[in-house]
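Here's the structure, in structure tokens; my notes come after.
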Amino acid sequence: MSEGFSRRSFLKLAATAGAAAAVPGCQPAARKLIPYVVPDENVIPGVPQFYATTCTECGAGCGVVARIREGRVIKLEGNPADPIGKGTICARGHAALQGVYNPDRLRNPMRRQGSSLKTVSWDEAEKLLNDALKAAAAKGKNRIAYLGPAHQGPTLRAITEAWLAAYQSYRGIFYEAISETPARDAAEMCFGQRDLPVYHLNKAEVLISFGADFNETWRSPVELGRQFAEFRAPQARRGKLAIGYAYYVSPRMNITAGRCDEWIAAPAGAEAAIALSVLNVILSQGWVSPNAQIDVAGLKSFVASYDPATVSQQTGVPAKTIEAMGERFGKADGAVALAGGDDPATHAAAYVLNVVTGNLGRTMEFLEGMPPEPETRTNDVVAALDSMRNGEVDVLFINETNPVFSMPPAWRAAEAIQKVPLVVWAGGVPGETAEYAHLLLPLHHPLEDWRDTFPRAGVHGLGQPVMQPVFWSKPLGDLLIASARESGVKNAAPWENSQDALRTGWMKLNPKAAAADAEGFWIQSLREGGYVEPTQQAQVKLNVAALKTSPASRELPKLVLAAYPHPFLYDGRGADKPWLQEIPEPVTQIVWDSWAEIHPETAKQYGISKDEVVEIRSSEGVIKTAAHISERVCKGVVSVPIGQGHTSLGRYAKGVGANPFVLLKPGQFSAAVTISPTHTTHELATALFKEHELGRSIVEAQTITELANGVKPKEWQTDEVPKPYEMYPTWQYPVHQWGMTIDANACTGCSACVAACYAENNVPFVGRENVINGRIMSWIRLERYYPEQKYEHQPLLFLAPMLCQQCHHAPCEPVCPVFAAYHTQEGLNGQVYNRCVGTRYCENNCPYKVRRFNWWKPEWPEPLNYQLNPDVTVRGAGVMEKCTFCVQRIRHAEINAMIEKRPVRDGEIVPACVQTCPTHALSFGDMNDKNSEMMKRRVATNNDKRTYRSLNELNTQPAITYLRELYNEREKA
Amino acid sequence: MAAAAEPVSGPTYADIDRGVRKIMEAPGFVYWVWVGFCFTLVAIAAALWTRQIYVGLGVTGLRQGPMWAMYITNFVFWVGIAHSGTLISAILYLFRTRWRTAVYRVAETMTLFAVLTAGLFPIIHVGRPWYAYWLLPYPNERSLQPDFRSPLVWDAFAVSTYLTISALFLVMGLIPDVANARDVAKGWRKTLYTILSLGWRGTDTQWQHWSMAYLLLAGLATPLVLSVHSVVSWDFAMAQLPGWHSTIFAPYFVAGAIFSGVAMVLTLLIPMRKIMHLEDLVTEWHIDNLAKVVLLTSLIVSYSYGVESFIVWYGKDPIEMMTFHERYFGPHGWVFWVCIFCNCIAPLPLFSPRVRRNTVVLFIITIFVNIGMWFERFMIIAVSQENNFNPSQWAIYHPSITEIMITVGSFAWFLGLFSLFARFMPIISMTELKEGIHWLREAVRDDYYPGLK
């Protein structure tokens with residue numbers, strides 16, 4: 001499809017496309033334009049269709065349900081049948097839509113001629129590829145290499161391997177820049193097997209995370225976030241109301257750390273030492289569980305050199321803190337240690353901590369039948385690069401991965417790739433690696449393609465195409481199968497196409513059901529988005545003998561770089577999606593940029609001021625990025641998020657920020673660096689002004705003791721508002737009064753609600769300049785405040801979603817001269833876009849500042865506009881807009897109820913933010929119905945003692961009631 | 001009359017006619033350069049506004065937080081300027097104040113053009129100016145009416161009423177003078193003045209009706225002096241934003257309006273008097289009295305600042321205290337101190353009669369007052385919004401070039417229109433000067449004003 005493809009012709013095609021998606025077939029797309037006068041029975045304009053499929057934005061493999069309108073996917077939501085996401089997805093999942101509609105996606109096959117790219121037909125492109133493959137295969141074995149992501153699913157993996165085999169090559173490289181290899185190495189060391197365990201944080205009462213950002217990118221953030229919220233929810237423990245106690249050990253306080261009780265600031269590389277030291281405390285104090293059946297004496301040598309005093313000296317973490325961590329962990333009734341980062345010793349220490357305290361099989365368990373290790377071992381990757389460099393590879397096929405961007409500079413990936421005579425790059429948005437390709441092939445986006453996922457034992461995700469491809473792309477599976485057939489090798493790829501391959505493999509999952517009714521099993525799986533089978537715990541035993549010697553402690557340089565994956569951009573793959581660029585990083589609240597976080601003391605030492613561009617130099621390379629001075633980073637550490645610094649990858653990623661990969665040694669995410677100010681400044685864009693809430697009741701918190709005793713936190717002793725004088729008759733809500741309960745304690749800061757709102761409500765993204773100029777458009781934001789020093793007890797962060805409070809006494813309504821802002825009979829603060837003149841008085845008078853003005857005409861470069869929700873008006877320049885509690889969903893449910901002649905059921909209406917919240921921090925319902933789930937939440941388990949309304953003293957009477965954030969009182973250091 | 005025997009000292013009726021008609025003679029090259037300059041600036045502002053309408057308000061420096069800033073500042077500033085006109089022409093007329101005769105036409109003209117300028121700003125300010133008429137009630141098939149609870153609707157009424165009354169007042173007062181000009185004019189001027197003089201022949205009946213109509217209009221206009229700016233102040237006082245939500249606003253704004261308006265009259269009058277050699281008609285006596293009004297209103301404004309801050313301190317509301325702290329010492333704290341200097345300190349020398357009569361010093365002081373009053377409105381409007389209830393949504397407003405040029409354009413538009421009027425219409429009321437000629441003669445003769453003949 002060309003760029004000139006109009007909306008009209010899309011609609012025409014959509015009529016067929018919807019049908020084709022409904023009866024999926026991965027044949028080349030039907031390209032006949034059928035006029036709408038012959039409508040397809042499956043497509044009723046205005047009625048959405050839903051297809052279960054899977055999310056492939058990360059390796060977690062959440063199931064999603066795609067909402068299709070008139071043949072286009074407009075929204076992704078979690079699949080309730082999926083055991084991982086349980087009906088919710090994260091911000092990155094939502095942004096998959098901007099992958100499929102990305103305006104910078106490769107639109108047709110292209111061939112590099114000299115310095116320019118020339119469009120070629122698929123036939124030409126495939127012939128070129130196949131001829132090269134045949135020639136290479138004729139020259140000998142292993143002359144062809146494939147480079148792809150690790151999490152591409154079992155079927156595509158099988159097809160890839162079959163294709164390579166057809167051309168006599170075994171160089172399949174499945175590479176992830178942010179690797180699980182250290183965790184697997186540690187598992188092998190501890191348990192003699194390389195499977196990763198699964199965790200149950202909700203079964204613990206103490207949690208220590210050694211740099212595992214489980215609410216952001218680590219393993220399966222949606223699932224772990226949900227477990228963490230359960231862990232932090234107040235519940236009776238030993239006859240007392242309690243919440244889980246959480247520690248986070250890392251160089252930087254990220255949002256996961258911000259939701260814990262204590263953030264232990266450790267220099268990058270010190271996590272292992274601290275973990276081993278905690279283990280040392282537990283072993284020496286004898287807090288070892290008898291159930292663990294561990295040779296404690298044998299283990300002692302493992303941690304011998306890590307007594308708290310020594311470690312304290314090395315890392316600067318007080319010995320008392322380490323001892324307290326050990327004590328809490330050792331004495332807990334259920335505890336879990338998690339490890340992230342590049343050091344296998346950290347992972348090993350965390351595993352051993354879980355085992356010795358008897359938590360193996362409880363908070364951490366190994367399952368039978370885990371998927372095979374998807375990543376290629378580092379040695380093999382390096383070997384493959386070497387052989388490319390030596391001219392031993394004739395054809396390199398790169399699928400999606402971006403080695404030029406994400407591989408450590410020591411591997412000299414670009415140089416190796418340049419030595420290959422034919423580099424084929426296939427994927428969506430061409431990135432840095434594609435610049436080196438001779439042939440560029442557009443691939444179907446996962447949402448346009450068949451796929452399966454196998455994230456862990458017992459969970460098989462099945463993905464189907466949910467719509468016709470947007471561009472002239474092909475599915476990778478089909479491409480490789482067709483190419484394998486060309487090889488002339490008999491039965492090289494024993495499938496018709498990738499759908500056939502998928503189905504063949506799928507039937508093997510449950511041979512019994514397949515034998516009884518293959519079609520039924522298949523349709524059932526498609527409907528449910530996968531197949532879930534019961535799992536069995538694997539019996540593993542700690543191999544104490546292998547842990548005889550203490551791991552050597554890492555050297556801690558004077559100034560160390562701590563690179564970490566950006567929660568939304570991850571290893572850089574999210575940078576081409578404007579939503580992910582524009583959703584603020586939850587702690588720093590910075591958007592559209594990368595930054596070097598530096599402690600004020602360190603900054604002073606190096607003479608660095610706020611927003612000053614600094615040059616960070618390691619033995620591997622140098623980057624320049626602006627400094628963000630914050631107390632939420634360890635002294636002597638420069639912390640830089642990974643994900644930005646693209647020199648390619650489309651208009652949204654190109655030229656934004658800096659890429660810390662160029663500073664890193666292979667297999668490490670920290671590096672000794674030097675830093676120097678450049679005396680130029682670069683303003684870091686953020687939509688947040690003050691860091692402190694100045695004692696105002698916006699986000700409130702209280703200690704669990706206060707909650708248990710039923711006392712109000714002393715910081716917020718606001719008086720109850722006396723019964724107000726009403727000048728006008730007060731609003732009556734005869735049927736419904738919609739309201740929300742937001743549990744600030746359950747909010748992990750994952751920002752999925754923000755992304756969901758962008759997708760559902762056609763909220764435009766505005767870009768860096770406009771964010772700096774105060775024109776961010778998000779209807780819901782995370783209100784993040786740092787605690788002020790003046791109070792004795794404080795949580796690490798104040799955090800809660802802030803959206804329109806739908807006030808009963810709304811300050812915005814009476815000031816509107818034209819009734820554009822008005823009060824609905826159901827308690828909403830309505831906004832009639834057509835009536836709005838744009839005086840902006842409503843926003844002036846809104847104390848929460850949740851109204852958004854359209855300073856410009858919103859723009860979605862084609863085909864990003866295909867994603868717009870037809871149920872929601874696209875606002876033009878000059879009008880005010882705001883959160884509507886997803887009024888289109890309310891109306892939808894009310895109309896359905898009316899047709900069925902029944903009242904609206906509780907839980908039938910779910911606004912987009914509520915729907916997607918992985919921790920169910922938000923709930924929606926009718927305030928007139930005291931038995932609604934939402935209203936009950938305001939009183940359940942002492943919750944009536946922790947409700948508050950934001951800025952209550954203004955007597956706006958919001959329909960949103962917050963539940964205060966909870967935290968444990970910390971011992972004074 | 002007994003006086004007929006004595007030689008007439010001071011200006012005669014003929015002097016007055018000659019003096020005013022002289023201003024209305026064909027202007028010279030310098031004048032046209034000045035007018036051309038003004039309207040070039042207006043054209044630039046108009047072009048920028050057109051662009052703003054086309055692409056959206058993104059071209060301004062407005063943002064989340066300060067959603068109202070320079071445009072509304074200009075609106076309030078110009079409405080304020082407009083106030084002294086009606087004060088001088090209506091209230092002082094009813095009180096039969098003697099010194100108003102020479103200056104009231106200037107003040108009234110200034111009022112009309114200031115309201116015309118002010119009225120543009122709400123339209124420039126809104127997101128969809130082509131729908132701005134929705135603020136007015138008009139019959140429509142959907143029975144949609146404006147929300148009468150909204151201060152902006154009151155504003156629309158107040159300002160449009162004010163515009164109507166002040167335009168009528170000016171046109172009505174002009175009739176005898178235009179007729180006077182008609183009698184000597186030629187060419188197109190003759191046609192224009194004939195139309196505007198509405199067949200005035202100066203008969204007793206006409207004079208009688210005219211006087212009564214003028215008196216009635218003065219009576220109608222008098223409450224507007226107090227009400228219009230009170231209503232404008234309620235745009236802010238009715239909101240709950242700290243720094244806006246205050247009961248003192250109505251008198252505070254009215255005093256400020258008269259303060260700035262009279263200062264603006266002086267700013268216009270002093271150079272005009274010099275350039276057009278009107279010292280005989282606009283005497284130091286007139287100027288001195290205007291300066292006294294400036295001084296009085298300056299003291300009221302200073303008092304209001306004090307009370308406003310005192311009430312905040314006395315009320316002990318932490319959020320309001322914070323807003324005022326930021327107002328004094330925040331990033332835009334300098335705006336407050338500019339206001340204090342220009343509005344409270346700079347006019348204090350006016351206690352001295354010598355300063356009041358030194359037109360150069362007086363002119364400088366009135367310029368300070370104009371600047372100070374502009375910044376006072378900026379401080380109240382923009383700086384209060386910068387420090388709103390939600391600290392994460394605080395912001396610092398930086399005006400964009402569009403806003404600055406439109407503001408400059410508004411001054412050019414005002415001065416340009418005023419300049420045109422001053423040379424083509426009787427800018428000094430011949431009628432009233434003649435009515436009060438003995439006062440004028442006294443003023444010219446009085447030893448109290450040495451330096452005059």
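Going by the structure tokens order, chains are called A, B, ..., each with residues numbered from 1, while ligands are numbered from 1 in the order shown.
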
Counting only C-alpha atoms, which residues from chain A have an atom at most 7 Å from any atom of chain B, and could you show them as a list in words? Leu688, Phe689, Lys690, Glu691, Glu693, Asn773, Gly774, Arg775, Pro814, Val815, Cys816, Pro817, Val818, Phe819, Val837, Gly838, Thr839, Arg840, Asn844, Asn845, Pro847, Tyr848, Lys849, Trp855, Trp856, Lys857, Ala877, Gly878 and Val879 of chain A

Extract the full set of alpha helix (DSSP H) residues from region 787-948 of chain A according to DSSP on the backbone, and format it as a count of residues only. 32

So that I can see what lies close to Val311 (chain A), please list as an MDAnalysis selection string the residues with an atom at most 12 Å from it, counting only C-alpha atoms and leaving out residues fewer than 3 positions away in the same chain. chainID A and resid 266:267 270:281 303:308 314:323 553:554 556

Could you check how far CA of Val20 (chain B) sits from CA of Ser429 (chain B), in Å to one decimal?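 According to the coordinates, CA of Val20 (chain B) and CA of Ser429 (chain B) are separated by 8.3 Å.
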
Might you pull out every residue within 8 Å of region 102-106 of chain B, with only C-alpha atoms counted and same-chain residues fewer than 2 positions away left off, and present them as number ranges by chain? B: 85, 88-89, 99-100, 108-110, 170, 265, 269, 281-282, 286, 427-429, 432-433

Selection from above, N, CA and C atoms, as a compact mmCIF listing (two decimals), in the first residue's frame, can you write it?
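Final output, saved to selection_38.txt:
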# COMPACT_ATOMS: atom_id res chain seq x y z
N GLY B 85 -12.02 58.14 31.55
CA GLY B 85 -12.81 58.94 30.61
C GLY B 85 -14.19 59.18 31.15
N ILE B 88 -14.21 61.36 34.24
CA ILE B 88 -14.06 62.79 34.00
C ILE B 88 -15.29 63.35 33.30
N SER B 89 -15.79 62.58 32.32
CA SER B 89 -16.89 63.17 31.56
C SER B 89 -18.22 63.04 32.27
N TRP B 99 -12.58 72.13 36.25
CA TRP B 99 -11.38 71.91 35.43
C TRP B 99 -11.55 70.83 34.38
N ARG B 100 -12.67 70.13 34.37
CA ARG B 100 -12.79 69.03 33.42
C ARG B 100 -12.96 69.51 31.98
N GLU B 108 -12.53 61.19 27.08
CA GLU B 108 -13.63 60.41 26.49
C GLU B 108 -13.17 59.67 25.24
N THR B 109 -12.40 60.37 24.43
CA THR B 109 -11.87 59.74 23.22
C THR B 109 -10.99 58.56 23.61
N MET B 110 -10.16 58.82 24.59
CA MET B 110 -9.28 57.76 25.08
C MET B 110 -10.12 56.58 25.57
N LEU B 170 -19.67 60.13 23.65
CA LEU B 170 -18.70 60.89 22.87
C LEU B 170 -19.37 61.54 21.67
N VAL B 265 -4.46 59.70 30.61
CA VAL B 265 -4.91 60.99 30.10
C VAL B 265 -3.75 61.97 30.12
N LEU B 269 -2.10 63.86 27.14
CA LEU B 269 -2.37 65.30 27.11
C LEU B 269 -1.09 66.13 27.11
N LEU B 281 -5.43 76.75 26.36
CA LEU B 281 -6.71 76.07 26.59
C LEU B 281 -6.60 75.01 27.67
N VAL B 282 -5.53 74.23 27.62
CA VAL B 282 -5.29 73.22 28.64
C VAL B 282 -4.22 73.81 29.56
N HIS B 286 -5.53 72.70 34.89
CA HIS B 286 -6.13 71.41 34.52
C HIS B 286 -5.20 70.27 34.87
N ILE B 427 -10.78 67.83 19.41
CA ILE B 427 -10.27 67.07 20.54
C ILE B 427 -10.45 67.83 21.85
N ILE B 428 -10.70 69.13 21.72
CA ILE B 428 -11.03 69.93 22.90
C ILE B 428 -12.44 70.47 22.70
N SER B 429 -13.23 70.37 23.74
CA SER B 429 -14.63 70.78 23.60
C SER B 429 -14.72 72.30 23.59
N GLU B 432 -17.85 73.52 25.79
CA GLU B 432 -17.73 73.60 27.25
C GLU B 432 -16.71 74.63 27.67
N LEU B 433 -15.66 74.77 26.86
CA LEU B 433 -14.69 75.79 27.21
C LEU B 433 -15.34 77.17 27.18

Ranking B:His229, B:His245, B:Arg201, B:His83 by minimum distance to Phe113 (chain B) and counting only C-alpha atoms, which one comes first?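 Smallest separation from Phe113 (chain B) among the options: B:His83.
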
Just the residues within 9 Å of Ile623 (chain A), please, counting only C-alpha atoms, with nothing from its chain fewer than 6 positions along; format it as a PyMOL selection string. chain A and resi 614-617+658-660+662-663

Which residue out of B:Val225, B:Phe424, B:Thr402, B:Thr267 has the minimum interatomic distance to Ile91 (chain B) when only C-alpha atoms are used?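 Nearest candidate to Ile91 (chain B) out of B:Val225, B:Phe424, B:Thr402, B:Thr267: B:Val225.
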
Give me the residues within 9 Å of Asn180 (chain B) as number ranges by chain, counting only C-alpha atoms and dropping any in the same chain fewer than 6 places off. B: 17, 21, 193, 197, 430

Would you mind telling me which residue in A:Pro197, A:Pro109, A:Gly340, A:Gly767 lies nearest to Trp122 (chain A) when using only C-alpha atoms?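 Closest residue, counting only C-alpha atoms: A:Pro109.
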